[in-house]
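*Asks:* One structure is given below, represented as structure tokens, and several questions about it will come after.
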Number of protein chains: 2
Amino acid sequence: MKILVDAFGGDNSPISVIKGCLQAKYEWPDLNIALCGNEDELLKIGMRQGFNLKKLELIDAKDQITMSQNPTTIFDSKNESSMSIGLKMLKNNQADAFVSAGNTGALAVGASLFVGKLEGIKRAALAPILPTTNGRCLLIDAGANLECRPKTLKQFAIMGSVYAKRILVVSNPQVGLLNVGVEKNKGTALLQETYNLLNCCDEINFIGNIESRNVILGGCDVLVSDGLCGNIILKTMEGTAKFFSNELKNLFNKNNLTKFAYMLLHKELKNFRKSMNYTNHGGAIFLGIQKPVIKAHGSSNATAIKNAVKQAKLCVEQKIIDEISKKLS
Amino acid sequence: MKILVDAFGGDNSPISVIKGCLQAKYEWPDLNIALCGNEDELLKIGMRQGFNLKKLELIDAKDQITMSQNPTTIFDSKNESSMSIGLKMLKNNQADAFVSAGNTGALAVGASLFVGKLEGIKRAALAPILPTTNGRCLLIDAGANLECRPKTLKQFAIMGSVYAKRILVVSNPQVGLLNVGVEKNKGTALLQETYNLLNCCDEINFIGNIESRNVILGGCDVLVSDGLCGNIILKTMEGTAKFFSNELKNLFNKNNLTKFAYMLLHKELKNFRKSMNYTNHGGAIFLGIQKPVIKAHGSSNATAIKNAVKQAKLCVEQKIIDEISKKLS
């Protein structure tokens, strides 16, 4: 199995990406990991940092797509970016999965157009993992498709269920529809139509509407939403978590008593932070694409990259693409 | 000045409502406060609980609208609920403002249809206060209008600015548009059109798009959104706050060391909780209605009711309805 990794994607690339790949290679020696990026530059950095790059395959790509570039840059026929070269290799069966911490929009466009969507799939969706009280919840879609038809949302529900079952190891994943209230007649006409469609779908375990306050409290295993509302719930959680973390920091720094209390709590707080840490969950997968394409967080450190590689490996091992195709046909 | 209060609205009514009104009367002896509700029942409860109901005016209303009833119940011509009688009195200039912790949908419908919308107003909006790092942010709309045209959102922005200036005492409130990214071309066609409309509006200080993660971190003073996305951000914040509060509680209960740490932090945690407490901010106002109508939180305690009465009083004193009319004409 070969996993391709975009060396020049994300705020901490390429160093964190190289480190993460080397960690993955150490943990799974049989896994082939290939780094896409400017070879000269990678070798130079490898020398300077003392990385043993011989453990990894290097695939030369002269350019890179920056975070601020327009996603459509990837269309440019002359584009030799690490991302476009990686995705084209994936298409040509020269690898089994692709991981990038780079420009999300470009990756979405590139995945759909170079690698291609599965037969019958209307839109590919970005599916990150949200931490919850009792574990994890897969959000589908987190922003790749701001507006979605009910049929598209039904495909999201089916794809998300397969992922939750195979990768998150939830035996009968509960699927919820993000809405403003739990009653079936709540929300816009589009949400009501989606409710009815999901309610009649035998492929999933639909439990009804979910209010956004109950998602983090463990309301469902798969949360179905259009990309606009999905993006809002994801980023609100991030912001609120950041807010609480800042406020707690200030609180602990108030005086000597509170500083002492922090020392007493240090170990427990560290465990809590660890359980909330996005780097443990790998990245967000694009579901609906013919091969696994994983978007790692833009600010990924080495551990996050390693876990995104692990996630890609799992997706290949668990044949989730085949399973999704089967369920959708 | 007379403030009408729905005695039979909210999970803790009527006792918390009566208590809150008595507290308000004690704090502002010149304020006339009238309780709408079944008089016999109120007198009975007053006797039993030792409340001096002579301090308050009682307005008899035989019925009540429950939390689970369909909002359109309020249309019923035979409906003698405390909510509909209160709203009709407000319309007939028998009071200056109305406060209820009852059924939000019924209050929205009743406010628009009995009290009436301001001239030129397309939709009335529900505007609660969100706590932020540096103070407060007015969210408009929190769920009264799930889908909104750009012109409606522009009216929300103007009304929200007036409220932030007059009631939250922000001199030049920064208005942000809830979106998936900060760039002006982000979001749906509707959001892009709204951006352009707000950007040309002289009545407000528009600072551009706001991502949901930055709202609680203090990104703007007035957050403009349709009711669907507004409801999602509001309830996600509530859920995430609840999640952190639960997790901290578990953490403090881990062992004797963590329990001791809690004792050391007790005072600071209490202050933090106080700053986050919704009861301090009163309720959410319906903006766009001819008189102030305040929706107190469904689980309001006496303090929350007192603060909602205070908020209603402030709205009357500050003549915010006149100011909104002026800005919109």
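Lettering and numbering for the structure tokens are positional, with chains as A, B, ... in the shown order, residues counted from 1 in each chain, and ligands counted from 1 in the shown order.
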With only C-alpha atoms as the counted atoms, please give the residues lying no more than 7 Å from range 51-68 of chain B, apart from itself and same-chain residues fewer than 3 positions off, as a list of chain:residue names.
*Replies:*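 Residues near the query, excluding close chain neighbours: B:Phe8, B:Ile33, B:Ala34, B:Leu35, B:Cys36, B:Gly37, B:Asn38, B:Glu39, B:Gly46, B:Met47, B:Glu80, B:Ser81, B:Ser82, B:Ile85, B:Gly102, B:Asn103.
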*Asks:* Determine, for each residue of chain B having at least one atom at most 8 Å from an atom of chain A, the closest pair of atoms and their separation in Å to one decimal, counting only C-alpha atoms; order by chain and ascending number, as a tab-separated table.
*Replies:*
residue	atom	partner	partner_atom	distance
B:Thr133	CA	A:Phe243	CA	7.0
B:Gly143	CA	A:Val180	CA	7.7
B:Leu146	CA	A:Thr188	CA	6.6
B:Glu147	CA	A:Thr188	CA	7.5
B:Asn179	CA	A:Ile232	CA	7.9
B:Val180	CA	A:Asn231	CA	6.4
B:Gly187	CA	A:Leu146	CA	7.1
B:Thr188	CA	A:Leu146	CA	6.6
B:Glu211	CA	A:Lys235	CA	7.3
B:Ser212	CA	A:Thr236	CA	5.1
B:Arg213	CA	A:Gly239	CA	3.9
B:Asn214	CA	A:Gly239	CA	6.1
B:Val215	CA	A:Gly239	CA	7.6
B:Ile216	CA	A:Thr240	CA	6.4
B:Leu217	CA	A:Phe243	CA	6.3
B:Leu228	CA	A:Val180	CA	6.8
B:Cys229	CA	A:Cys229	CA	6.1
B:Asn231	CA	A:Val180	CA	6.4
B:Ile232	CA	A:Ser212	CA	5.6
B:Ile233	CA	A:Thr236	CA	6.2
B:Lys235	CA	A:Arg213	CA	4.6
B:Thr236	CA	A:Arg213	CA	4.6
B:Met237	CA	A:Thr240	CA	6.3
B:Glu238	CA	A:Arg213	CA	6.0
B:Gly239	CA	A:Arg213	CA	3.9
B:Thr240	CA	A:Met237	CA	6.3
B:Ala241	CA	A:Thr240	CA	7.3
B:Phe243	CA	A:Leu217	CA	6.3
B:Phe244	CA	A:Phe244	CA	7.6
B:Leu251	CA	A:Glu268	CA	6.6
B:Leu257	CA	A:Leu264	CA	6.2
B:Thr258	CA	A:Leu265	CA	5.8
B:Phe260	CA	A:Ala261	CA	7.8
B:Ala261	CA	A:Ala261	CA	4.5
B:Tyr262	CA	A:Ala261	CA	7.4
B:Leu264	CA	A:Ala261	CA	6.2
B:Leu265	CA	A:Thr258	CA	5.8
B:Glu268	CA	A:Leu251	CA	6.6
B:Leu269	CA	A:Leu251	CA	7.7
*Asks:* Excluding Val175 in chain A and any residue of its chain fewer than 3 positions from it, enumerate the residues within 12 Å of it, using only C-alpha atoms, and give them as a ChimeraX atom specification.
*Replies:* /A:137-140,153-154,156-165,170,172,178,195,198-199,201-210,215,218-225
*Asks:* Counting only C-alpha atoms, which of A:Asp141, A:Leu118, A:Ser275, A:Ser171 gets nearest to Lys326 in chain A?
*Replies:*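 Of the candidates, the smallest distance to Lys326 in chain A is held by A:Leu118.
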*Asks:* For Lys295 in chain B, please output as a PyMOL selection string all residues within 8 Å (counting only C-alpha atoms; exclusion window: fewer than 4 positions along the same chain).
*Replies:* chain B and resi 99-102+104+107+283-286+308
*Asks:* Mind listing the helix (DSSP H, G or I) residues of range 22-207 of chain A, per DSSP on the backbone, as an MDAnalysis selection string?
*Replies:* chainID A and resid 22:27 39:49 53:55 71:75 82:91 104:115 150:166 189:199
*Asks:* One number please: CA of Met276 in chain B to CA of Asn307 in chain B, in Å, one decimal.
*Replies:*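 Computing it gives 14.6 Å between the two atoms.
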